[in-house]
Amino acid sequence: MAAPLTPGRAYGMLSDRTRLRMTDRLRQLGVRDERVLAAMYEVPRHLFVDQALATRAYDDVSLPIGHGQTISQPLTVARMTELLIQGRQPGRVLEIGTGCGYQTAILLKTGAEVYSIERLGAILDLARRNLRAAKLVHARLVHGDGHAGLAEAAPFDGIIMTAAARHVPQALLDQLAEGGRLVMPLGDEEQHLWLIEKTSQGLQKSKLEAVKFVPLLTGRA
Ligand code: SAH
């Protein structure tokens, strides 16, 4: 009879071949930015999900992280990061909806200076623990309502929102640097990813693929 896998051995397996398989799949699905692919290979995604779900951490699915929230599927994380940084240095980035901290970790690995806002204190603590376990401790995590952005650290070269809003919060447009990009899901039952670029001529908006995110809520808890 085969010896049962200890968590340590299981994680060892998860950390190499399985991650390579995930990045190969992302490549096949059209992710091209090598910085994003390298970050997705390097960050141990299983550290960001519940231990009971660790074996599914590298499947292309979203998973529950508690408090009714989810970690986005790898393809969505890769796509949004690519949209945010393609063709330039990531610079200073604001994330809205820290969740388990996985997207935060990917942004950090691409070299971005990251600020991340989360409205749920318990989830923010979870993100802090996960990021510490992954040895990625240099993000500024803020407990607050992302609708207001983070004026004291603005302007941002990139803003990424990982919860779906009905409208684009004006504060976020105000806090975007000229040449900066905002990537976010917009909608309710039916949601699409939007890329909004701030140019010297004004805002350039592109509606992209259909997505499914938890809603952006107001206030903090
Ligand atoms: N990027 C995350 C995805 C988290 S799910 C990850 O990689 O895991 C979306 C998160 O947005 C949830 O944790 C939710 O609590 C948070 N959220 C919802 N409305 C918010 C708001 N107004 N301000 C900040 N965070 C918000």
# chains A, B, ... in the order shown; residues from 1 in each chain; ligands from 1
>>> residues_around(residues="Ala134 (chain A)", least_positions_apart="6", cutoff="10 Å", atoms="only C-alpha atoms", output="JSON, numbers by chain")
{"A": [42, 43, 44, 45, 46, 47, 48, 102, 105, 128]}
>>> write_last_selection(atoms="all heavy atoms", output="mmCIF file, in the first residue's frame")
data_model
loop_
_atom_site.group_PDB
_atom_site.id
_atom_site.type_symbol
_atom_site.label_atom_id
_atom_site.label_comp_id
_atom_site.auth_asym_id
_atom_site.auth_seq_id
_atom_site.Cartn_x
_atom_site.Cartn_y
_atom_site.Cartn_z
ATOM 1 N N GLU A 42 6.339 31.461 -9.827
ATOM 2 C CA GLU A 42 7.094 31.595 -8.571
ATOM 3 C C GLU A 42 6.216 31.654 -7.317
ATOM 4 O O GLU A 42 6.630 31.209 -6.252
ATOM 5 C CB GLU A 42 7.960 32.869 -8.615
ATOM 6 C CG GLU A 42 9.184 32.691 -9.493
ATOM 7 C CD GLU A 42 9.812 34.019 -9.880
ATOM 8 O OE1 GLU A 42 9.580 35.024 -9.172
ATOM 9 O OE2 GLU A 42 10.505 34.035 -10.905
ATOM 10 N N VAL A 43 5.032 32.228 -7.416
ATOM 11 C CA VAL A 43 4.218 32.384 -6.197
ATOM 12 C C VAL A 43 3.472 31.079 -5.895
ATOM 13 O O VAL A 43 2.717 30.584 -6.719
ATOM 14 C CB VAL A 43 3.208 33.550 -6.356
ATOM 15 C CG1 VAL A 43 2.261 33.598 -5.158
ATOM 16 C CG2 VAL A 43 3.941 34.864 -6.514
ATOM 17 N N PRO A 44 3.685 30.500 -4.720
ATOM 18 C CA PRO A 44 3.008 29.245 -4.364
ATOM 19 C C PRO A 44 1.537 29.492 -4.048
ATOM 20 O O PRO A 44 1.178 29.859 -2.933
ATOM 21 C CB PRO A 44 3.767 28.761 -3.123
ATOM 22 C CG PRO A 44 4.560 29.919 -2.645
ATOM 23 C CD PRO A 44 4.569 30.996 -3.658
ATOM 24 N N ARG A 45 0.708 29.280 -5.052
ATOM 25 C CA ARG A 45 -0.717 29.600 -4.928
ATOM 26 C C ARG A 45 -1.401 28.800 -3.821
ATOM 27 O O ARG A 45 -2.366 29.267 -3.210
ATOM 28 C CB ARG A 45 -1.386 29.358 -6.290
ATOM 29 C CG ARG A 45 -2.824 29.812 -6.381
ATOM 30 C CD ARG A 45 -3.306 29.753 -7.821
ATOM 31 N NE ARG A 45 -4.736 29.591 -7.932
ATOM 32 C CZ ARG A 45 -5.608 30.593 -8.065
ATOM 33 N NH1 ARG A 45 -5.177 31.832 -8.121
ATOM 34 N NH2 ARG A 45 -6.889 30.357 -8.154
ATOM 35 N N HIS A 46 -0.879 27.589 -3.535
ATOM 36 C CA HIS A 46 -1.547 26.769 -2.507
ATOM 37 C C HIS A 46 -1.451 27.404 -1.121
ATOM 38 O O HIS A 46 -2.234 27.087 -0.242
ATOM 39 C CB HIS A 46 -0.985 25.335 -2.490
ATOM 40 C CG HIS A 46 0.476 25.247 -2.219
ATOM 41 N ND1 HIS A 46 1.425 25.364 -3.198
ATOM 42 C CD2 HIS A 46 1.154 25.072 -1.071
ATOM 43 C CE1 HIS A 46 2.629 25.240 -2.658
ATOM 44 N NE2 HIS A 46 2.490 25.073 -1.363
ATOM 45 N N LEU A 47 -0.505 28.320 -0.920
ATOM 46 C CA LEU A 47 -0.418 29.002 0.382
ATOM 47 C C LEU A 47 -1.558 30.007 0.579
ATOM 48 O O LEU A 47 -1.768 30.514 1.667
ATOM 49 C CB LEU A 47 0.925 29.740 0.518
ATOM 50 C CG LEU A 47 2.190 28.884 0.537
ATOM 51 C CD1 LEU A 47 3.417 29.767 0.688
ATOM 52 C CD2 LEU A 47 2.124 27.864 1.668
ATOM 53 N N PHE A 48 -2.262 30.329 -0.510
ATOM 54 C CA PHE A 48 -3.298 31.356 -0.453
ATOM 55 C C PHE A 48 -4.714 30.781 -0.385
ATOM 56 O O PHE A 48 -5.675 31.523 -0.364
ATOM 57 C CB PHE A 48 -3.162 32.298 -1.660
ATOM 58 C CG PHE A 48 -1.915 33.132 -1.591
ATOM 59 C CD1 PHE A 48 -0.695 32.630 -2.019
ATOM 60 C CD2 PHE A 48 -1.950 34.415 -1.048
ATOM 61 C CE1 PHE A 48 0.461 33.392 -1.931
ATOM 62 C CE2 PHE A 48 -0.803 35.170 -0.949
ATOM 63 C CZ PHE A 48 0.403 34.656 -1.391
ATOM 64 N N TYR A 102 -3.483 36.825 -3.096
ATOM 65 C CA TYR A 102 -2.766 36.178 -4.211
ATOM 66 C C TYR A 102 -2.456 37.171 -5.334
ATOM 67 O O TYR A 102 -1.314 37.254 -5.806
ATOM 68 C CB TYR A 102 -3.575 34.990 -4.750
ATOM 69 C CG TYR A 102 -2.869 34.308 -5.897
ATOM 70 C CD1 TYR A 102 -1.707 33.564 -5.678
ATOM 71 C CD2 TYR A 102 -3.336 34.418 -7.203
ATOM 72 C CE1 TYR A 102 -1.044 32.957 -6.730
ATOM 73 C CE2 TYR A 102 -2.676 33.811 -8.257
ATOM 74 C CZ TYR A 102 -1.530 33.084 -8.014
ATOM 75 O OH TYR A 102 -0.867 32.483 -9.061
ATOM 76 N N ALA A 105 0.311 39.305 -4.357
ATOM 77 C CA ALA A 105 1.605 38.619 -4.460
ATOM 78 C C ALA A 105 2.119 38.644 -5.897
ATOM 79 O O ALA A 105 3.307 38.895 -6.138
ATOM 80 C CB ALA A 105 1.460 37.179 -3.974
ATOM 81 N N ARG A 128 -2.592 39.071 5.119
ATOM 82 C CA ARG A 128 -1.308 39.388 5.755
ATOM 83 C C ARG A 128 -0.568 38.103 6.119
ATOM 84 O O ARG A 128 0.622 37.972 5.867
ATOM 85 C CB ARG A 128 -1.577 40.256 6.996
ATOM 86 C CG ARG A 128 -0.385 41.066 7.409
ATOM 87 C CD ARG A 128 -0.729 42.127 8.433
ATOM 88 N NE ARG A 128 -1.031 43.407 7.803
ATOM 89 C CZ ARG A 128 -2.132 44.098 8.002
ATOM 90 N NH1 ARG A 128 -3.072 43.643 8.800
ATOM 91 N NH2 ARG A 128 -2.321 45.247 7.391
#
>>> residues_around(residues="region 196-209 of chain A", least_positions_apart="2", cutoff="7 Å", atoms="only C-alpha atoms", output="CSV table (one decimal) with N, CA and C atoms, in the first residue's frame")
chain,number,residue,atom,x,y,z
A,178,GLU,N,-1.4,60.3,-15.5
A,178,GLU,CA,-1.6,60.4,-16.9
A,178,GLU,C,-0.8,59.2,-17.5
A,179,GLY,N,-1.4,58.5,-18.4
A,179,GLY,CA,-0.7,57.3,-19.0
A,179,GLY,C,-1.0,56.0,-18.1
A,180,GLY,N,-1.7,56.2,-17.0
A,180,GLY,CA,-2.1,55.1,-16.1
A,180,GLY,C,-3.2,54.3,-16.6
A,181,ARG,N,-3.3,53.1,-16.1
A,181,ARG,CA,-4.4,52.2,-16.5
A,181,ARG,C,-5.2,51.6,-15.4
A,182,LEU,N,-6.5,51.6,-15.6
A,182,LEU,CA,-7.4,51.0,-14.6
A,182,LEU,C,-8.0,49.7,-15.2
A,183,VAL,N,-7.9,48.6,-14.5
A,183,VAL,CA,-8.5,47.3,-15.0
A,183,VAL,C,-9.5,46.9,-14.0
A,192,HIS,N,-18.3,42.4,-17.3
A,192,HIS,CA,-17.2,42.4,-18.3
A,192,HIS,C,-16.0,43.1,-17.7
A,193,LEU,N,-14.9,42.7,-18.1
A,193,LEU,CA,-13.6,43.3,-17.8
A,193,LEU,C,-13.5,44.6,-18.6
A,194,TRP,N,-13.1,45.7,-18.0
A,194,TRP,CA,-12.9,46.9,-18.7
A,194,TRP,C,-11.4,47.4,-18.5
A,211,VAL,N,-16.7,38.2,-17.3
A,211,VAL,CA,-16.0,37.6,-16.1
A,211,VAL,C,-17.1,37.5,-15.0
>>> atom_distance(atom1="CA of Val31 (chain A)", atom2="CA of Gly99 (chain A)")
23.0 Å
>>> atom_distance(atom1="CA of Leu107 (chain A)", atom2="CA of Gln89 (chain A)")
11.4 Å
>>> atom_distance(atom1="CA of Pro169 (chain A)", atom2="CA of Leu131 (chain A)")
27.6 Å
>>> residues_around(residues="Gly111 (chain A)", least_positions_apart="4", cutoff="10 Å", atoms="only C-alpha atoms", output="list in words")
Arg35, Ala39, Gln89, Pro90, Gly91, Arg92, Ile106 and Leu107 of chain A
>>> closest_residue(among="A:Asp174, A:Asp59, A:Asp157, A:Asp145", to="ligand 1", atoms="only C-alpha atoms and all ligand atoms")
A:Asp145
>>> residues_around(residues="Val142 (chain A)", least_positions_apart="3", cutoff="7 Å", atoms="only C-alpha atoms", output="compact mmCIF listing (two decimals) with C-alpha atoms, in the first residue's frame")
# COMPACT_ATOMS: atom_id res chain seq x y z
CA SER A 116 -4.01 47.12 -1.54
CA ILE A 117 -7.34 47.99 0.10
CA GLU A 118 -9.72 45.46 1.64
